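Undergrad: Just one file: query_18.txt, with compact mmCIF, C-alpha atoms and all ligand atoms.
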```txt
# COMPACT_ATOMS: atom_id res chain seq x y z
CA MET Y 1 64.92 133.60 83.94
CA LYS Y 2 66.07 130.21 82.61
CA VAL Y 3 66.89 127.42 85.03
CA VAL Y 4 67.93 123.81 84.63
CA GLY Y 5 66.94 121.26 87.25
CA ILE Y 6 69.49 118.44 87.52
CA VAL Y 7 68.08 115.24 89.00
CA GLY Y 8 70.47 112.83 90.76
CA SER Y 9 68.26 109.76 90.39
CA VAL Y 10 67.70 107.86 87.15
CA ARG Y 11 64.91 105.60 88.35
CA LYS Y 12 61.49 105.87 86.73
CA ASP Y 13 59.53 106.67 89.90
CA SER Y 14 62.16 108.91 91.44
CA LEU Y 15 60.83 111.19 94.18
CA ASN Y 16 63.51 113.72 93.29
CA LYS Y 17 62.38 113.73 89.67
CA ALA Y 18 58.79 114.19 90.86
CA LEU Y 19 59.92 117.12 93.01
CA ALA Y 20 61.79 118.66 90.06
CA ASN Y 21 58.80 118.31 87.74
CA PHE Y 22 56.53 119.82 90.40
CA VAL Y 23 58.83 122.82 90.94
CA ALA Y 24 59.03 123.38 87.17
CA LYS Y 25 55.25 123.44 86.83
CA GLN Y 26 54.26 125.16 90.08
CA PHE Y 27 56.67 128.07 89.72
CA GLU Y 28 56.63 128.55 85.94
CA HIS Y 29 55.50 132.14 86.53
CA LYS Y 30 58.85 132.80 88.30
CA PHE Y 31 61.26 130.95 85.97
CA GLU Y 32 61.38 128.55 83.04
CA MET Y 33 62.91 125.29 84.22
CA GLU Y 34 63.99 122.35 82.06
CA VAL Y 35 64.40 119.15 84.05
CA LEU Y 36 67.57 117.24 83.08
CA THR Y 37 68.05 113.59 83.96
CA LEU Y 38 71.36 111.80 83.79
CA GLU Y 39 70.70 108.27 82.51
CA ASN Y 40 72.45 108.94 79.19
CA ILE Y 41 75.54 110.61 80.60
CA PRO Y 42 78.53 108.25 80.23
CA LEU Y 43 81.20 107.86 82.87
CA TYR Y 44 83.59 110.78 83.03
CA ASN Y 45 86.90 110.00 81.37
CA GLN Y 46 89.70 112.54 81.16
CA ASP Y 47 90.97 110.91 77.95
CA ILE Y 48 87.90 112.10 76.04
CA GLU Y 49 86.96 115.29 77.89
CA ASN Y 50 88.08 117.58 75.02
CA ASP Y 51 85.82 115.79 72.56
CA ALA Y 52 83.14 114.48 74.87
CA PRO Y 53 80.23 112.26 73.73
CA GLN Y 54 77.27 114.12 72.24
CA GLU Y 55 75.09 113.50 75.33
CA VAL Y 56 77.67 115.28 77.47
CA LYS Y 57 78.03 118.14 74.98
CA SER Y 58 74.32 118.81 74.89
CA PHE Y 59 74.02 118.47 78.70
CA LYS Y 60 76.80 121.02 79.16
CA GLU Y 61 75.28 123.34 76.54
CA LYS Y 62 71.96 123.35 78.40
CA VAL Y 63 73.66 124.12 81.70
CA ALA Y 64 75.76 126.84 80.06
CA ALA Y 65 72.66 128.49 78.59
CA ALA Y 66 70.82 128.58 81.92
CA ASP Y 67 70.93 131.48 84.37
CA ALA Y 68 70.94 129.11 87.33
CA VAL Y 69 70.80 125.47 88.43
CA ILE Y 70 68.54 123.72 90.91
CA TRP Y 71 69.98 120.38 92.06
CA PHE Y 72 67.66 117.61 93.17
CA THR Y 73 69.74 115.08 95.05
CA PRO Y 74 68.79 111.81 96.67
CA GLU Y 75 71.02 110.49 99.43
CA TYR Y 76 72.86 107.21 98.85
CA ASN Y 77 74.92 105.80 101.71
CA GLY Y 78 75.18 109.17 103.35
CA THR Y 79 76.27 111.11 100.28
CA MET Y 80 75.31 112.06 96.72
CA PRO Y 81 74.62 109.29 94.19
CA GLY Y 82 77.45 108.48 91.80
CA VAL Y 83 75.43 109.59 88.77
CA LEU Y 84 75.31 113.11 90.17
CA VAL Y 85 79.02 113.21 91.03
CA ASN Y 86 79.77 111.91 87.53
CA ALA Y 87 77.75 114.72 85.93
CA ILE Y 88 79.48 117.27 88.13
CA ASP Y 89 82.88 115.96 87.04
CA TRP Y 90 81.97 116.58 83.38
CA LEU Y 91 80.66 120.07 84.23
CA SER Y 92 83.86 120.94 86.09
CA ARG Y 93 86.22 120.43 83.16
CA VAL Y 94 87.26 122.06 79.83
CA ASN Y 95 84.73 124.93 79.58
CA ARG Y 96 83.78 125.20 83.22
CA VAL Y 97 80.13 125.96 82.63
CA MET Y 98 79.17 126.18 86.31
CA VAL Y 99 81.71 128.79 87.38
CA GLY Y 100 79.79 131.80 88.72
CA LYS Y 101 76.41 130.24 87.96
CA PRO Y 102 74.08 130.33 90.99
CA SER Y 103 72.73 127.12 92.53
CA LEU Y 104 69.97 126.00 94.83
CA VAL Y 105 69.93 122.52 96.34
CA MET Y 106 66.87 120.40 97.09
CA GLY Y 107 66.49 116.77 98.08
CA ALA Y 108 63.70 114.29 98.67
CA SER Y 109 63.82 111.06 100.59
CA MET Y 110 61.56 108.65 102.40
CA GLY Y 111 63.20 109.27 105.79
CA ALA Y 112 62.90 112.43 107.90
CA LEU Y 113 66.42 113.80 107.53
CA GLY Y 114 67.40 112.01 104.34
CA THR Y 115 69.49 114.14 101.96
CA VAL Y 116 70.89 116.43 104.70
CA LYS Y 117 74.28 114.72 104.48
CA ALA Y 118 74.15 114.47 100.69
CA GLN Y 119 73.30 118.16 100.50
CA ALA Y 120 76.18 119.08 102.82
CA HIS Y 121 78.55 117.21 100.52
CA LEU Y 122 77.04 118.85 97.46
CA TYR Y 123 77.54 122.31 99.00
CA ASP Y 124 81.20 121.43 99.50
CA VAL Y 125 81.55 120.39 95.88
CA LEU Y 126 79.82 123.58 94.70
CA ARG Y 127 82.70 125.47 96.36
CA SER Y 128 85.38 123.55 94.44
CA PRO Y 129 87.42 125.51 91.86
CA GLY Y 130 86.01 123.66 88.83
CA ILE Y 131 82.42 124.35 89.85
CA ASP Y 132 82.66 127.54 91.94
CA SER Y 133 78.92 128.11 92.05
CA PRO Y 134 77.44 130.62 94.50
CA PHE Y 135 74.57 128.92 96.28
CA LEU Y 136 71.61 129.88 98.41
CA ALA Y 137 71.57 127.79 101.58
CA GLY Y 138 70.90 128.36 105.29
CA ALA Y 139 67.17 128.83 105.92
CA ASN Y 140 66.54 128.06 102.26
CA GLN Y 141 67.63 124.43 102.48
CA VAL Y 142 64.91 122.22 101.00
CA VAL Y 143 64.78 118.78 102.63
CA VAL Y 144 61.59 116.96 101.70
CA GLY Y 145 61.30 114.08 104.17
CA ALA Y 146 58.71 111.29 103.97
CA ALA Y 147 58.44 112.31 100.32
CA HIS Y 148 56.66 109.10 99.32
CA THR Y 149 53.62 110.32 101.32
CA LYS Y 150 53.56 113.82 99.84
CA PHE Y 151 52.76 113.33 96.14
CA ASP Y 152 49.48 112.34 94.54
CA GLU Y 153 49.10 110.02 91.51
CA GLN Y 154 49.57 112.96 89.12
CA GLY Y 155 52.87 113.95 90.73
CA ASN Y 156 51.44 116.98 92.55
CA LEU Y 157 52.97 117.79 95.89
CA THR Y 158 50.03 117.66 98.29
CA ASP Y 159 51.71 118.85 101.49
CA ASP Y 160 50.76 122.53 101.94
CA ASN Y 161 53.65 123.33 104.29
CA THR Y 162 56.16 122.05 101.76
CA VAL Y 163 54.49 123.88 98.87
CA ASN Y 164 54.47 127.16 100.86
CA PHE Y 165 58.10 126.69 101.84
CA LEU Y 166 59.07 126.01 98.21
CA ASP Y 167 57.21 129.16 97.20
CA MET Y 168 59.27 131.24 99.65
CA VAL Y 169 62.57 129.59 98.73
CA THR Y 170 62.07 129.93 94.98
CA THR Y 171 61.24 133.64 95.41
CA ASN Y 172 64.42 134.07 97.46
CA PHE Y 173 66.33 132.17 94.78
CA VAL Y 174 65.10 134.41 91.95
CA GLU Y 175 66.31 137.44 93.95
CA PHE Y 176 69.63 135.70 94.66
CA VAL Y 177 70.17 134.88 90.96
CA GLU Y 178 69.30 138.42 89.90
CA LYS Y 179 71.86 139.78 92.37
CA ASN Y 180 74.52 137.32 91.16
CA ASN Y 181 74.07 137.81 87.41
C1 LIG K 1 71.94 102.51 97.31
C2 LIG K 1 71.00 103.28 98.22
C3 LIG K 1 71.49 103.93 99.34
C4 LIG K 1 70.63 104.70 100.14
N1 LIG K 1 71.15 105.40 101.20
C5 LIG K 1 70.36 106.29 101.86
C6 LIG K 1 70.91 107.17 102.85
O1 LIG K 1 72.10 107.15 103.13
N2 LIG K 1 70.08 108.05 103.47
C7 LIG K 1 68.74 108.12 103.16
O2 LIG K 1 68.04 108.95 103.73
N3 LIG K 1 68.19 107.29 102.23
C8 LIG K 1 68.97 106.39 101.58
N4 LIG K 1 68.44 105.59 100.60
C9 LIG K 1 66.98 105.67 100.34
C10 LIG K 1 66.67 106.80 99.37
O3 LIG K 1 66.50 108.01 100.10
C11 LIG K 1 65.38 106.50 98.61
O4 LIG K 1 65.57 105.31 97.86
C12 LIG K 1 64.97 107.64 97.72
O5 LIG K 1 63.66 107.37 97.24
C13 LIG K 1 65.93 107.81 96.53
O6 LIG K 1 65.57 108.92 95.75
P1 LIG K 1 64.71 108.79 94.41
O7 LIG K 1 63.30 108.44 94.86
O8 LIG K 1 64.76 110.15 93.80
O9 LIG K 1 65.29 107.72 93.57
C14 LIG K 1 69.26 104.79 99.82
C15 LIG K 1 68.77 104.11 98.70
C16 LIG K 1 69.62 103.37 97.90
C17 LIG K 1 69.07 102.67 96.67
```
Have the structure of the file written as structure tokens, please.
Ligand SMILES: Cc1cc2nc3c(=O)[nH]c(=O)nc-3n(C[C@H](O)[C@H](O)[C@H](O)COP(=O)(O)O)c2cc1C

TA:
Amino acid sequence: MKVVGIVGSVRKDSLNKALANFVAKQFEHKFEMEVLTLENIPLYNQDIENDAPQEVKSFKEKVAAADAVIWFTPEYNGTMPGVLVNAIDWLSRVNRVMVGKPSLVMGASMGALGTVKAQAHLYDVLRSPGIDSPFLAGANQVVVGAAHTKFDEQGNLTDDNTVNFLDMVTTNFVEFVEKNN
């Protein structure tokens, strides 16, 4: 199974990027995941959506070729960061590469409940007609709080409870994707 992990933070030491890289490595026996970051994705512009910049084309091609998407969203001011919304806008237009493609949402923050609101908003957007992505939620919601205390220098997640939870959720997600494809 091929998955892309889309990271909603472009900063170098992003906790969400660290989480994505950890998931890719830790669960490589369950799925092959390429981590996609968004720093080179230009602002969405309807005037150029039919002949989008090369960075957008290759981003959309990678998403189109994947069996599923795992979103890694920070929370900014109680919602998703603009870079993530911008990427979603590109994905939602012309060839709607997300339609029918299963999603899982994860988020890391320094606070305890950080990303809960951002994730709720992302779920709403996943239901929109241009995205229309079935997603695994409920008990499978991954909210990594106090994330700055949970990684070692090498980017390994050191919190056993979180690692065990991720193991369960990713297994459930593989089953969910197989049922949806
Ligand atoms: C502009 C801005 C707004 C933020 N708003 C929130 C917020 O609403 N809720 C929250 O839990 N954390 C908030 N934070 C803190 C982020 O959770 C924290 O910076 C986190 O590390 C960002 O994810 P990253 O490490 O992947 O970049 C905010 C940070 C920034 C820079």

Undergrad: What are the closest atom pairs, with distances in Å to one decimal, for all residues of range 34-119 of chain Y lying within 9 Å of range 15-28 of chain Y? Consider all atoms listed in the file, order rows by chain and residue number, and present the result as CSV.

TA:
```
residue,atom,partner,partner_atom,distance
Y:Glu34,CA,Y:Ala24,CA,7.2
Y:Val35,CA,Y:Ala20,CA,6.6
Y:Thr37,CA,Y:Lys17,CA,8.0
Y:Ile70,CA,Y:Ala20,CA,8.5
Y:Trp71,CA,Y:Ala20,CA,8.6
Y:Phe72,CA,Y:Asn16,CA,5.7
Y:Thr73,CA,Y:Asn16,CA,6.6
Y:Pro74,CA,Y:Asn16,CA,6.6
Y:Met106,CA,Y:Asn16,CA,8.4
Y:Gly107,CA,Y:Asn16,CA,6.4
Y:Ala108,CA,Y:Asn16,CA,5.4
Y:Ser109,CA,Y:Leu15,CA,7.1
Y:Met110,CA,Y:Leu15,CA,8.6
```

Undergrad: Just the residues within 8 Å of Ile88 in chain Y, please, counting only C-alpha atoms, with nothing from its chain fewer than 4 positions along; format it as a ChimeraX atom specification.

TA: /Y:84,92,131

Undergrad: Output C-alpha atoms for every residue in the selection just made, as an mmCIF file, keeping the file's coordinate frame.

TA:
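Wrote selection-v2.cif, looks like this:
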```cif
data_model
loop_
_atom_site.group_PDB
_atom_site.id
_atom_site.type_symbol
_atom_site.label_atom_id
_atom_site.label_comp_id
_atom_site.auth_asym_id
_atom_site.auth_seq_id
_atom_site.Cartn_x
_atom_site.Cartn_y
_atom_site.Cartn_z
ATOM 1 C CA LEU Y 84 75.310 113.110 90.170
ATOM 2 C CA SER Y 92 83.860 120.940 86.090
ATOM 3 C CA ILE Y 131 82.420 124.350 89.850
#
```

Undergrad: Please provide as a ChimeraX atom specification all residues within 12 Å of Asp47 in chain Y, with the sequence filter that same-chain residues fewer than 5 positions apart are discarded (counting all atoms listed in the file).

TA: /Y:52-53,90,93-94

Undergrad: Filtering to C-alpha atoms, could you give me those residues as a short mmCIF file (atom, residue, chain, number, x, y, z; two decimals), in the coordinates of the input?

TA:
```
data_model
loop_
_atom_site.label_atom_id
_atom_site.label_comp_id
_atom_site.auth_asym_id
_atom_site.auth_seq_id
_atom_site.Cartn_x
_atom_site.Cartn_y
_atom_site.Cartn_z
CA ALA Y 52 83.14 114.48 74.87
CA PRO Y 53 80.23 112.26 73.73
CA TRP Y 90 81.97 116.58 83.38
CA ARG Y 93 86.22 120.43 83.16
CA VAL Y 94 87.26 122.06 79.83
#
```

Undergrad: Just the residues within 7 Å of range 60-67 of chain Y, please, counting only C-alpha atoms, with nothing from its chain fewer than 4 positions along; format it as an MDAnalysis selection string.

TA: chainID Y and resid 1:4 56 91 97 101

Undergrad: Using Å and a single decimal, report how far CA of Pro102 in chain Y sits from CA of Asn180 in chain Y.

TA: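 Value for the CA of Asn180 in chain Y-CA of Pro102 in chain Y distance: 7.0 Å.
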
Undergrad: Using Å and a single decimal, report how far CA of Val83 in chain Y sits from CA of Asn40 in chain Y.

TA: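 Computed distance, CA of Asn40 in chain Y to CA of Val83 in chain Y, equals 10.1 Å.
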
Undergrad: How many Å lie between CA of Glu75 in chain Y and CA of Glu55 in chain Y, rounded to one decimal?

TA: 24.6 Å

Undergrad: Closest to ligand LIG 1 (chain K) among Y:Asn181, Y:Thr162, Y:Ser14, Y:Asn86, using all atoms listed in the file?

TA: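 Distance minimum relative to ligand LIG 1 (chain K) lands on Y:Ser14.
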
Undergrad: Nearest to ligand LIG 1 (chain K) among Y:Gln46, Y:Thr149, Y:Asn161, Y:Thr115, with distances taken over all atoms listed in the file: which residue is it?

TA: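 Ranked by minimum distance to ligand LIG 1 (chain K), first place goes to Y:Thr115.
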
Undergrad: Looking at Y:Gly130, Y:Gly111, Y:Gly138, Y:Gly155, which one is nearest to ligand LIG 1 (chain K), with distances taken over all atoms listed in the file?

TA: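 Closest to ligand LIG 1 (chain K), using all atoms listed in the file: Y:Gly111.
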
Undergrad: Put a box with edges along x, y and z around all the listed atoms of range 74-86 of chain Y, pad it by 5 Å on each side, then give me its centre and sizes in Å, one decimal, as AutoDock Vina command-line options.

TA:
```
--center_x 74.3 --center_y 109.5 --center_z 95.4 --size_x 21.0 --size_y 17.4 --size_z 25.8
```

Undergrad: Using all atoms listed in the file, which residue out of Y:Pro134, Y:Gly8, Y:Pro129, Y:Gly114 lies closest to ligand LIG 1 (chain K)?

TA: Y:Gly114

Undergrad: With only C-alpha atoms and all ligand atoms as the atoms that count, which of Y:Gln119, Y:Asn45, Y:Ser103, Y:Asn140 lies nearest to ligand LIG 1 (chain K)?

TA: Y:Gln119

Undergrad: Point out the residue among Y:Phe31, Y:Tyr44, Y:Phe151, Y:Tyr76 with the least atom-to-atom distance to ligand LIG 1 (chain K), counting all atoms listed in the file.

TA: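 Nearest candidate to ligand LIG 1 (chain K) out of Y:Phe31, Y:Tyr44, Y:Phe151, Y:Tyr76: Y:Tyr76.
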
Undergrad: Step by step: locate range 67-81 of chain Y in the block above, keep all heavy atoms, then write the file as a PDB file, in the first residue's frame.

TA:
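Result file out-v1.pdb:
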```
ATOM      1  N   ASP Y  67      -2.497   5.343  -2.541  1.00  0.00           N
ATOM      2  CA  ASP Y  67      -3.757   4.691  -2.173  1.00  0.00           C
ATOM      3  C   ASP Y  67      -4.482   5.464  -1.081  1.00  0.00           C
ATOM      4  O   ASP Y  67      -5.680   5.285  -0.883  1.00  0.00           O
ATOM      5  CB  ASP Y  67      -3.476   3.272  -1.650  1.00  0.00           C
ATOM      6  CG  ASP Y  67      -2.806   2.414  -2.707  1.00  0.00           C
ATOM      7  OD1 ASP Y  67      -3.374   2.297  -3.810  1.00  0.00           O
ATOM      8  OD2 ASP Y  67      -1.699   1.888  -2.452  1.00  0.00           O
ATOM      9  N   ALA Y  68      -3.745   6.276  -0.331  1.00  0.00           N
ATOM     10  CA  ALA Y  68      -4.339   6.963   0.817  1.00  0.00           C
ATOM     11  C   ALA Y  68      -3.444   8.119   1.233  1.00  0.00           C
ATOM     12  O   ALA Y  68      -2.275   8.192   0.840  1.00  0.00           O
ATOM     13  CB  ALA Y  68      -4.487   5.982   1.981  1.00  0.00           C
ATOM     14  N   VAL Y  69      -4.028   8.998   2.064  1.00  0.00           N
ATOM     15  CA  VAL Y  69      -3.288  10.166   2.560  1.00  0.00           C
ATOM     16  C   VAL Y  69      -3.356  10.192   4.083  1.00  0.00           C
ATOM     17  O   VAL Y  69      -4.411   9.937   4.675  1.00  0.00           O
ATOM     18  CB  VAL Y  69      -3.906  11.476   2.002  1.00  0.00           C
ATOM     19  CG1 VAL Y  69      -3.261  12.700   2.640  1.00  0.00           C
ATOM     20  CG2 VAL Y  69      -3.745  11.539   0.477  1.00  0.00           C
ATOM     21  N   ILE Y  70      -2.205  10.475   4.703  1.00  0.00           N
ATOM     22  CA  ILE Y  70      -2.212  10.804   6.136  1.00  0.00           C
ATOM     23  C   ILE Y  70      -1.826  12.276   6.245  1.00  0.00           C
ATOM     24  O   ILE Y  70      -0.792  12.704   5.732  1.00  0.00           O
ATOM     25  CB  ILE Y  70      -1.252   9.919   6.953  1.00  0.00           C
ATOM     26  CG1 ILE Y  70      -1.582   8.429   6.743  1.00  0.00           C
ATOM     27  CG2 ILE Y  70      -1.368  10.274   8.451  1.00  0.00           C
ATOM     28  CD1 ILE Y  70      -0.701   7.461   7.543  1.00  0.00           C
ATOM     29  N   TRP Y  71      -2.687  13.052   6.903  1.00  0.00           N
ATOM     30  CA  TRP Y  71      -2.472  14.489   7.080  1.00  0.00           C
ATOM     31  C   TRP Y  71      -1.847  14.714   8.448  1.00  0.00           C
ATOM     32  O   TRP Y  71      -2.295  14.141   9.450  1.00  0.00           O
ATOM     33  CB  TRP Y  71      -3.816  15.228   7.023  1.00  0.00           C
ATOM     34  CG  TRP Y  71      -4.623  14.959   5.784  1.00  0.00           C
ATOM     35  CD1 TRP Y  71      -5.479  13.911   5.569  1.00  0.00           C
ATOM     36  CD2 TRP Y  71      -4.649  15.743   4.590  1.00  0.00           C
ATOM     37  NE1 TRP Y  71      -6.031  13.999   4.310  1.00  0.00           N
ATOM     38  CE2 TRP Y  71      -5.539  15.112   3.690  1.00  0.00           C
ATOM     39  CE3 TRP Y  71      -4.009  16.919   4.178  1.00  0.00           C
ATOM     40  CZ2 TRP Y  71      -5.816  15.611   2.417  1.00  0.00           C
ATOM     41  CZ3 TRP Y  71      -4.282  17.419   2.918  1.00  0.00           C
ATOM     42  CH2 TRP Y  71      -5.165  16.773   2.049  1.00  0.00           C
ATOM     43  N   PHE Y  72      -0.847  15.579   8.475  1.00  0.00           N
ATOM     44  CA  PHE Y  72      -0.194  15.917   9.737  1.00  0.00           C
ATOM     45  C   PHE Y  72      -0.373  17.421   9.929  1.00  0.00           C
ATOM     46  O   PHE Y  72       0.343  18.226   9.323  1.00  0.00           O
ATOM     47  CB  PHE Y  72       1.290  15.537   9.687  1.00  0.00           C
ATOM     48  CG  PHE Y  72       1.505  14.048   9.555  1.00  0.00           C
ATOM     49  CD1 PHE Y  72       1.524  13.441   8.305  1.00  0.00           C
ATOM     50  CD2 PHE Y  72       1.655  13.253  10.686  1.00  0.00           C
ATOM     51  CE1 PHE Y  72       1.696  12.062   8.179  1.00  0.00           C
ATOM     52  CE2 PHE Y  72       1.827  11.880  10.571  1.00  0.00           C
ATOM     53  CZ  PHE Y  72       1.844  11.285   9.313  1.00  0.00           C
ATOM     54  N   THR Y  73      -1.355  17.799  10.726  1.00  0.00           N
ATOM     55  CA  THR Y  73      -1.654  19.231  10.819  1.00  0.00           C
ATOM     56  C   THR Y  73      -1.279  19.844  12.161  1.00  0.00           C
ATOM     57  O   THR Y  73      -1.668  19.334  13.214  1.00  0.00           O
ATOM     58  CB  THR Y  73      -3.143  19.522  10.526  1.00  0.00           C
ATOM     59  OG1 THR Y  73      -3.336  20.944  10.527  1.00  0.00           O
ATOM     60  CG2 THR Y  73      -4.097  18.876  11.513  1.00  0.00           C
ATOM     61  N   PRO Y  74      -0.550  20.936  12.140  1.00  0.00           N
ATOM     62  CA  PRO Y  74      -0.443  21.768  13.337  1.00  0.00           C
ATOM     63  C   PRO Y  74      -1.764  22.507  13.537  1.00  0.00           C
ATOM     64  O   PRO Y  74      -2.671  22.410  12.691  1.00  0.00           O
ATOM     65  CB  PRO Y  74       0.659  22.783  12.990  1.00  0.00           C
ATOM     66  CG  PRO Y  74       1.251  22.336  11.709  1.00  0.00           C
ATOM     67  CD  PRO Y  74       0.217  21.503  11.023  1.00  0.00           C
ATOM     68  N   GLU Y  75      -1.855  23.235  14.640  1.00  0.00           N
ATOM     69  CA  GLU Y  75      -3.000  24.125  14.837  1.00  0.00           C
ATOM     70  C   GLU Y  75      -2.481  25.550  14.936  1.00  0.00           C
ATOM     71  O   GLU Y  75      -1.604  25.834  15.759  1.00  0.00           O
ATOM     72  CB  GLU Y  75      -3.739  23.746  16.125  1.00  0.00           C
ATOM     73  CG  GLU Y  75      -4.996  24.563  16.359  1.00  0.00           C
ATOM     74  CD  GLU Y  75      -5.834  23.961  17.472  1.00  0.00           C
ATOM     75  OE1 GLU Y  75      -6.454  22.900  17.251  1.00  0.00           O
ATOM     76  OE2 GLU Y  75      -5.849  24.543  18.570  1.00  0.00           O
ATOM     77  N   TYR Y  76      -3.000  26.418  14.072  1.00  0.00           N
ATOM     78  CA  TYR Y  76      -2.660  27.849  14.107  1.00  0.00           C
ATOM     79  C   TYR Y  76      -3.936  28.619  14.389  1.00  0.00           C
ATOM     80  O   TYR Y  76      -4.892  28.555  13.603  1.00  0.00           O
ATOM     81  CB  TYR Y  76      -2.112  28.301  12.742  1.00  0.00           C
ATOM     82  CG  TYR Y  76      -0.638  28.041  12.472  1.00  0.00           C
ATOM     83  CD1 TYR Y  76       0.153  27.284  13.326  1.00  0.00           C
ATOM     84  CD2 TYR Y  76      -0.049  28.568  11.321  1.00  0.00           C
ATOM     85  CE1 TYR Y  76       1.496  27.057  13.054  1.00  0.00           C
ATOM     86  CE2 TYR Y  76       1.296  28.348  11.041  1.00  0.00           C
ATOM     87  CZ  TYR Y  76       2.054  27.591  11.910  1.00  0.00           C
ATOM     88  OH  TYR Y  76       3.379  27.371  11.634  1.00  0.00           O
ATOM     89  N   ASN Y  77      -3.945  29.366  15.476  1.00  0.00           N
ATOM     90  CA  ASN Y  77      -5.098  30.210  15.802  1.00  0.00           C
ATOM     91  C   ASN Y  77      -6.415  29.440  15.716  1.00  0.00           C
ATOM     92  O   ASN Y  77      -7.397  29.901  15.139  1.00  0.00           O
ATOM     93  CB  ASN Y  77      -5.105  31.447  14.881  1.00  0.00           C
ATOM     94  CG  ASN Y  77      -3.798  32.215  15.019  1.00  0.00           C
ATOM     95  OD1 ASN Y  77      -3.390  32.542  16.128  1.00  0.00           O
ATOM     96  ND2 ASN Y  77      -3.113  32.472  13.921  1.00  0.00           N
ATOM     97  N   GLY Y  78      -6.370  28.252  16.258  1.00  0.00           N
ATOM     98  CA  GLY Y  78      -7.583  27.451  16.366  1.00  0.00           C
ATOM     99  C   GLY Y  78      -8.032  26.787  15.081  1.00  0.00           C
ATOM    100  O   GLY Y  78      -9.157  26.269  15.014  1.00  0.00           O
ATOM    101  N   THR Y  79      -7.170  26.750  14.082  1.00  0.00           N
ATOM    102  CA  THR Y  79      -7.567  26.067  12.835  1.00  0.00           C
ATOM    103  C   THR Y  79      -6.324  25.521  12.127  1.00  0.00           C
ATOM    104  O   THR Y  79      -5.235  25.490  12.703  1.00  0.00           O
ATOM    105  CB  THR Y  79      -8.404  27.010  11.938  1.00  0.00           C
ATOM    106  OG1 THR Y  79      -8.938  26.251  10.853  1.00  0.00           O
ATOM    107  CG2 THR Y  79      -7.590  28.191  11.407  1.00  0.00           C
ATOM    108  N   MET Y  80      -6.511  25.087  10.878  1.00  0.00           N
ATOM    109  CA  MET Y  80      -5.367  24.584  10.101  1.00  0.00           C
ATOM    110  C   MET Y  80      -4.512  25.746   9.609  1.00  0.00           C
ATOM    111  O   MET Y  80      -5.048  26.806   9.283  1.00  0.00           O
ATOM    112  CB  MET Y  80      -5.864  23.893   8.831  1.00  0.00           C
ATOM    113  CG  MET Y  80      -6.502  22.586   9.003  1.00  0.00           C
ATOM    114  SD  MET Y  80      -7.164  22.088   7.384  1.00  0.00           S
ATOM    115  CE  MET Y  80      -8.761  22.855   7.375  1.00  0.00           C
ATOM    116  N   PRO Y  81      -3.205  25.526   9.474  1.00  0.00           N
ATOM    117  CA  PRO Y  81      -2.351  26.566   8.878  1.00  0.00           C
ATOM    118  C   PRO Y  81      -2.731  26.842   7.424  1.00  0.00           C
ATOM    119  O   PRO Y  81      -3.198  25.939   6.710  1.00  0.00           O
ATOM    120  CB  PRO Y  81      -0.954  25.952   8.940  1.00  0.00           C
ATOM    121  CG  PRO Y  81      -1.040  24.910   9.994  1.00  0.00           C
ATOM    122  CD  PRO Y  81      -2.432  24.370   9.932  1.00  0.00           C
TER     123      PRO Y  81
END
```
